[in-house]
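The structure under discussion appears below in the form of structure tokens.
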Amino acid sequence: MSKVAPPEELAKVDHTPPKKGWMDMPVELKEGRWCYGSKPKDHEVIGLPNPRSWSPGDEDWKLPENWQEIFLEGMRERLDKFRSFRLFMDICVRCGACADKCHFFIGSGDPKNMPVLRAELLRSIYRGEFTTAGKILGKLAGGRKLTYEVFKDLFYYFFQCTECRRCSLFCPYGIDTAEVTMIGRELLNLLGCNIDWITGPVANCYRTGNHLGIQPHAYHSMVEFFCEEIEEITGILPEPSLNRKGAEILFITPSGDIFADPGTFTAMGYIMLFHYLEGLGLDITWSTYASEGGNFGSFTSHEMMKRLNSKMYAEAKRLGVKWIIGGECGHMWRVCNQYMDTMTGPADFLEVPKSPITGTVFENAKSHKMLHICEFTADLIKHGKLNLDLSRNDQYKLTFHDSCNPARGMGFFDEPRYVIQNVANNFHEMPIDTIREQTFCCGSGSGLNTDEFMDMRMRGAFPRANALQHVHDKHDVNMMACICAIDRATLTTLCEYWVPDVEVIGIHELIGNALILEGEKKRTMNLRGEEFPWVEEEEAEEAAAEVILEAAEEGVEAAAEEVADEEAAGEAEGEK
Amino acid sequence: MSLEKLLQQKKSVILERWFDSILETYPADTRQFLKKKKNRFANPVAHEISRGIEEIFNNILKDANSEDVSPFLDKVIRIRAVQDFSPSQALGFIFDLKKLIRDELAENMGESRISEDLWELERKIDAMGLMSLDIYTKCREKLYELRVKEVKNRVGRLIERANMMCGIPEKEGDPEVCNTDNLT
Ligand code: SF4
Ligand code: SF4
């Protein structure tokens with residue numbers, strides 16, 4: 001009989017990875033760690049180079065003959081054009097301060113997920129191909145040549161970065177690896193190496209107006225559907241307007257809120273809020289043309305981001321509105337707030353946003369003329385314009401997840417918290433080093449929220465989940481609020497794997513629950529159509545009260561009868 | 001001295017070694033990071049593993065049943081199930097414990113009582129190995145389930161609205177059921 005190794009030996013096979021410098025580590029693309037390759041039909045619609053069927057798992061990626069030339073030329077062009085990029089290539093001292101700050105490294109333990117090494121993938125090519133020392137000394141000077149292997153490595157790791165910028169927060173030189181990733185993805189894009197989950201939505205958005213390619217009548221139908229649901233819950237049927245010319249404000253939100261739970265409940269919240277404000281002078285319209293707030297173009301190239309963004313101002317102009325409100329969003333807000341003005345502006349045909357209800361002029365949006373709905377709502381609450389019943393959110397013990405783009409990218413911390421604390425009674429923060437500017441990414445941002453990437457996403461999600469677990473254990477938190485449409489979907493998955501007792505909610509869903517609409521019926525369920533947990537108890541109490549009342553009434557009747565009998569008897573006696 | 005007492009005495013050494021042997025399964029650069037297990041929020045993997053194995057060890061010492069130890073196994077395995085490991089690599093750490101204990105107790109091996117108790121203890125560890133297999137499989141199943149769920153949910157409400165999928169009602173006369181369950 002042949003000898004079988006003992007189990008502990010068997011399990012030990014290949015336990016310890018070989019000790020090697022990172023440049024010598026074999027490039028191994030593992031399934032579940034890469035996203036499917038972009039499809040030729042989408043390349044054709046948006047004019048991306050090199051349309052072909054391919055998969056990152058293939059040996060041959062079908063690159064054009066002169067791919068190295070194209071890549072290096074693209075790199076040279078960007079080194080000249082973007083001073084920040086050249087600086088980021090030059091000044092890193094490899095101090096390691098950023099190394100353990102990336103959620104993908106923390107969760108995966110793969111050293112190439114350290115931000116410093118992620119950027120070094122490109123930096124080594126910069127040294128090896130563009131600097132004299134690197135050209136001569138090669139590896140000794142941290143340089144290397146752009147080989148096919150190296151190219152695949154770039155693809156693998158730039159599509160394992162969510163462009164969350166957490167690492168940049170800790171870099172003494174302010175090096176932003178997210179920007180290195182953005183440039184890296186642009187270069188990959190020059191050779192037609194993008195992922196299906198980005199190019200598909202980009203192509204749909206370009207052609208039909210939103211990521212899923214949903215047509216105007218379907219969009220309209222969904223809004224109607226929400227109104228019917230609202231009627232069922234409140235007894236009131238709102239009538240929001242779509243594509244209405246001459247409205248004062250245009251409302252644009254990520255399409256995820258329209259088509260997928262739990263974003264749909266947030267969309268219902270918007271509709272209810274707008275309905276409530278109609279009587280106070282709000283004049284707002286939705287649009288089926290600007291039916292996508294998100295911009296997956298921003299995960300492709302700056303040109304593509306601009307192309308997709310242009311419809312916002314175009315629609316504002318066509319409808320003749322005065323300014324724009326954006327729905328609860330993450331990267332959308334970054335694109336609108338940080339880039340839109342210079343990229344697609346100037347929006348000189350619009351006016352500085354001024355709340356028609358409170359009169360507040362939003363100077364912060366003076367130039368690009370667009371507000372985040374949380375700013376708008378926080379201002380309403382501050383001025384006491386909303387009639388709210390906080391107890392309708394009592395079933396939730398809330399925490400708040402700062403989405404990377406609004407929070408770390410834009411410093412948008414307080415408005416959402418202000419709103420939450422004014423519409424709900426139970427709120428608990430996660431630990432300080434995991435929120436606000438130090439927030440941990442959901443692990444699925446920048447277009448990586450696709451299902452085939454699940455292993456990697458769950459690794460990246462672990463630091464966030466771990467902090468969530470803490471407040472769940474300590475305060476019984478059962479609901480995580482956020483203001484990003486991608487997060488509403490991805491955090492739901494995160495919770496199901498890591499902290500199954502917690503669900504995810506948008507802030508305007510909380511508003512919708514608490515808002516007391518004029519003439520509404522007694523609410524017995526939340527926007528999800530779930531009966532409030534106290535309804536059964538209340539009904540039981542009411543039923544009990546009724547029984548007592550009936551008994552009391554019966555008792556009174558009996559007593560009255562008795563009195564009447566006695567009286568009758570007395571009278572009879574008197575008569576005697 | 002009984003095996004249990006001996007193991008109690010040597011608990012911290014064994015746990016230290018066990019933790020180190022788990023770190024051995026990660027690349028060198030990562031090991032350095034995981035060794036600094038101080039802040040549970042900055043270094044959640046190291047924190048969960050070290051807490052998890054301590055509880056697992058405590059449960060082995062106690063006459064614990066499987067329900068008690070399972071949540072702690074879950075903590076560690078749930079992490080390793082999504083990392084770069086094959087199933088055997090992900091779960092190997094359970095079996096490593098046997099060798100670690102034997103090494104630690106080398107000088108006491110002659111005592112007949114100890115070796116008898118050790119045999120019992122190792123059976124327990126084997127049983128835990130089998131439980132781990134279940135947990136690992138559940139984690140992987142969950143990941144596939146979540147993938148399907150996401151794909152379904154992406155346009156779930158639209159399909160519900162569009163009445164595009166109308167299933168056969170359970171009983172004759174019932175209204176048609178329109179849902180998204182067939183959409184994969
Ligand atoms: S930007 Fe975020 S995902 Fe990318 S390397 Fe930095 S921390 Fe990691
Ligand atoms: S913190 Fe900055 S300088 Fe230090 S290694 Fe990271 S990118 Fe380089």
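Simple scheme: letters A, B, ... for chains in structure tokens order, numbers from 1 for residues in each chain, numbers from 1 for ligands in the order shown.
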
Can you tell me, as a ChimeraX atom specification, what residues are no more than 10 Å from region 406-419 of chain A when counting only C-alpha atoms, ignoring any on the same chain fewer than 3 positions away? /A:164-166,168-169,328-334,337-338,372-382,399-403,422-424,427,429,435-440,481-484,507-508,510-511

Within 6 Å of chain A, which residues of chain B are there when counting only C-alpha atoms? Please give them as an mmCIF file with C-alpha atoms, in the first residue's frame.
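Result file follows (part.cif):
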data_model
loop_
_atom_site.group_PDB
_atom_site.id
_atom_site.type_symbol
_atom_site.label_atom_id
_atom_site.label_comp_id
_atom_site.auth_asym_id
_atom_site.auth_seq_id
_atom_site.Cartn_x
_atom_site.Cartn_y
_atom_site.Cartn_z
ATOM 1 C CA GLU B 24 2.839 31.639 7.964
ATOM 2 C CA THR B 25 0.113 31.123 5.392
ATOM 3 C CA PRO B 27 3.028 36.447 2.245
ATOM 4 C CA THR B 30 1.575 40.833 4.982
ATOM 5 C CA VAL B 82 -12.742 34.843 0.633
ATOM 6 C CA GLN B 83 -8.970 35.126 0.738
ATOM 7 C CA SER B 88 -7.402 22.822 2.341
ATOM 8 C CA GLN B 89 -5.179 25.828 2.855
ATOM 9 C CA GLY B 92 -5.393 23.619 7.528
ATOM 10 C CA PHE B 95 -5.237 20.437 12.113
ATOM 11 C CA ASP B 96 -2.055 22.342 12.852
ATOM 12 C CA ARG B 147 -24.165 36.783 -6.783
ATOM 13 C CA ASN B 153 -32.322 42.485 -7.917
ATOM 14 C CA ARG B 154 -30.635 44.758 -10.427
ATOM 15 C CA VAL B 155 -33.858 45.291 -12.355
ATOM 16 C CA ARG B 157 -38.617 46.110 -9.469
ATOM 17 C CA LEU B 158 -38.848 46.952 -13.136
#

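Distances here use only C-alpha atoms and all ligand atoms; by that measure, the residue among A:Asn113, A:Ser446, A:Thr177, A:Thr360 closest to ligand 2 is A:Thr177.
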
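With only C-alpha atoms as the basis for measurement, B:Ser66 is the residue among B:Asn43, B:Ser66, B:Ser86, B:Ser50 that approaches Leu130 (chain B) most closely.
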
Among the residues of region 351-455 of chain A, find those DSSP assigns to strand (DSSP E or B) from the backbone and print them as a list in words. Lys354, Val361, Met370, Leu371, His372, Leu388, Leu398, Thr399, Phe400 and Phe427 of chain A

Set out as a Markdown table a contact list for chain A and ligand 2 with a cut-off of 12 Å, giving each residue of chain A that qualifies its closest atom pair and distance in Å to one decimal, counting only C-alpha atoms and all ligand atoms, ordered by chain and rising residue number.
| residue | atom | partner | partner_atom_place_in_ligand_line | distance |
| --- | --- | --- | --- | --- |
| A:Leu87 | CA | ligand 2 | 7 (S) | 10.9 |
| A:Phe88 | CA | ligand 2 | 7 (S) | 7.7 |
| A:Met89 | CA | ligand 2 | 7 (S) | 9.4 |
| A:Asp90 | CA | ligand 2 | 8 (Fe) | 9.7 |
| A:Ile91 | CA | ligand 2 | 3 (S) | 6.9 |
| A:Cys92 | CA | ligand 2 | 8 (Fe) | 3.8 |
| A:Val93 | CA | ligand 2 | 3 (S) | 4.6 |
| A:Arg94 | CA | ligand 2 | 5 (S) | 3.5 |
| A:Cys95 | CA | ligand 2 | 4 (Fe) | 3.9 |
| A:Gly96 | CA | ligand 2 | 5 (S) | 4.1 |
| A:Ala97 | CA | ligand 2 | 1 (S) | 4.2 |
| A:Cys98 | CA | ligand 2 | 1 (S) | 4.2 |
| A:Ala99 | CA | ligand 2 | 6 (Fe) | 6.2 |
| A:Asp100 | CA | ligand 2 | 6 (Fe) | 9.5 |
| A:Lys101 | CA | ligand 2 | 1 (S) | 9.5 |
| A:Cys102 | CA | ligand 2 | 6 (Fe) | 10.7 |
| A:Met114 | CA | ligand 2 | 6 (Fe) | 8.6 |
| A:Pro115 | CA | ligand 2 | 6 (Fe) | 6.6 |
| A:Val116 | CA | ligand 2 | 6 (Fe) | 4.8 |
| A:Leu117 | CA | ligand 2 | 5 (S) | 8.2 |
| A:Arg118 | CA | ligand 2 | 7 (S) | 9.6 |
| A:Ala119 | CA | ligand 2 | 7 (S) | 7.6 |
| A:Glu120 | CA | ligand 2 | 8 (Fe) | 8.8 |
| A:Arg123 | CA | ligand 2 | 8 (Fe) | 10.7 |
| A:Arg165 | CA | ligand 2 | 7 (S) | 11.1 |
| A:Arg166 | CA | ligand 2 | 1 (S) | 10.9 |
| A:Cys167 | CA | ligand 2 | 6 (Fe) | 7.3 |
| A:Ser168 | CA | ligand 2 | 2 (Fe) | 7.1 |
| A:Leu169 | CA | ligand 2 | 1 (S) | 8.6 |
| A:Phe170 | CA | ligand 2 | 1 (S) | 6.0 |
| A:Cys171 | CA | ligand 2 | 1 (S) | 3.5 |
| A:Pro172 | CA | ligand 2 | 2 (Fe) | 5.8 |
| A:Tyr173 | CA | ligand 2 | 2 (Fe) | 5.5 |
| A:Gly174 | CA | ligand 2 | 2 (Fe) | 6.5 |
| A:Ile175 | CA | ligand 2 | 7 (S) | 5.2 |
| A:Asp176 | CA | ligand 2 | 7 (S) | 7.2 |
| A:Thr177 | CA | ligand 2 | 7 (S) | 7.0 |
| A:Ala178 | CA | ligand 2 | 7 (S) | 10.6 |
| A:Glu179 | CA | ligand 2 | 7 (S) | 11.5 |
| A:Val180 | CA | ligand 2 | 7 (S) | 10.3 |

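Nearest to Met131 (chain B) of all the residues B:Asn39, B:Gln9, B:Gln32, B:Asn65 is B:Asn65, based on only C-alpha atoms.
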
Leaving out region 54-60 of chain B and any residue of its chain fewer than 5 positions from it, which residues lie within 12 Å of it when counting only C-alpha atoms, given as an MDAnalysis selection string? chainID B and resid 3:4 7:8 10:19 47:49 65:77 93:94 97:98 101 118 120:129 132

Among region 205-380 of chain A, which ones does DSSP assign to alpha helix (DSSP H) (computed from the backbone)? Answer as a count of residues only. 77

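If only C-alpha atoms are the atoms counted, then among B:Arg102, B:Glu150, B:Ile135, B:Arg51 the closest residue to Trp119 (chain B) is B:Arg102.
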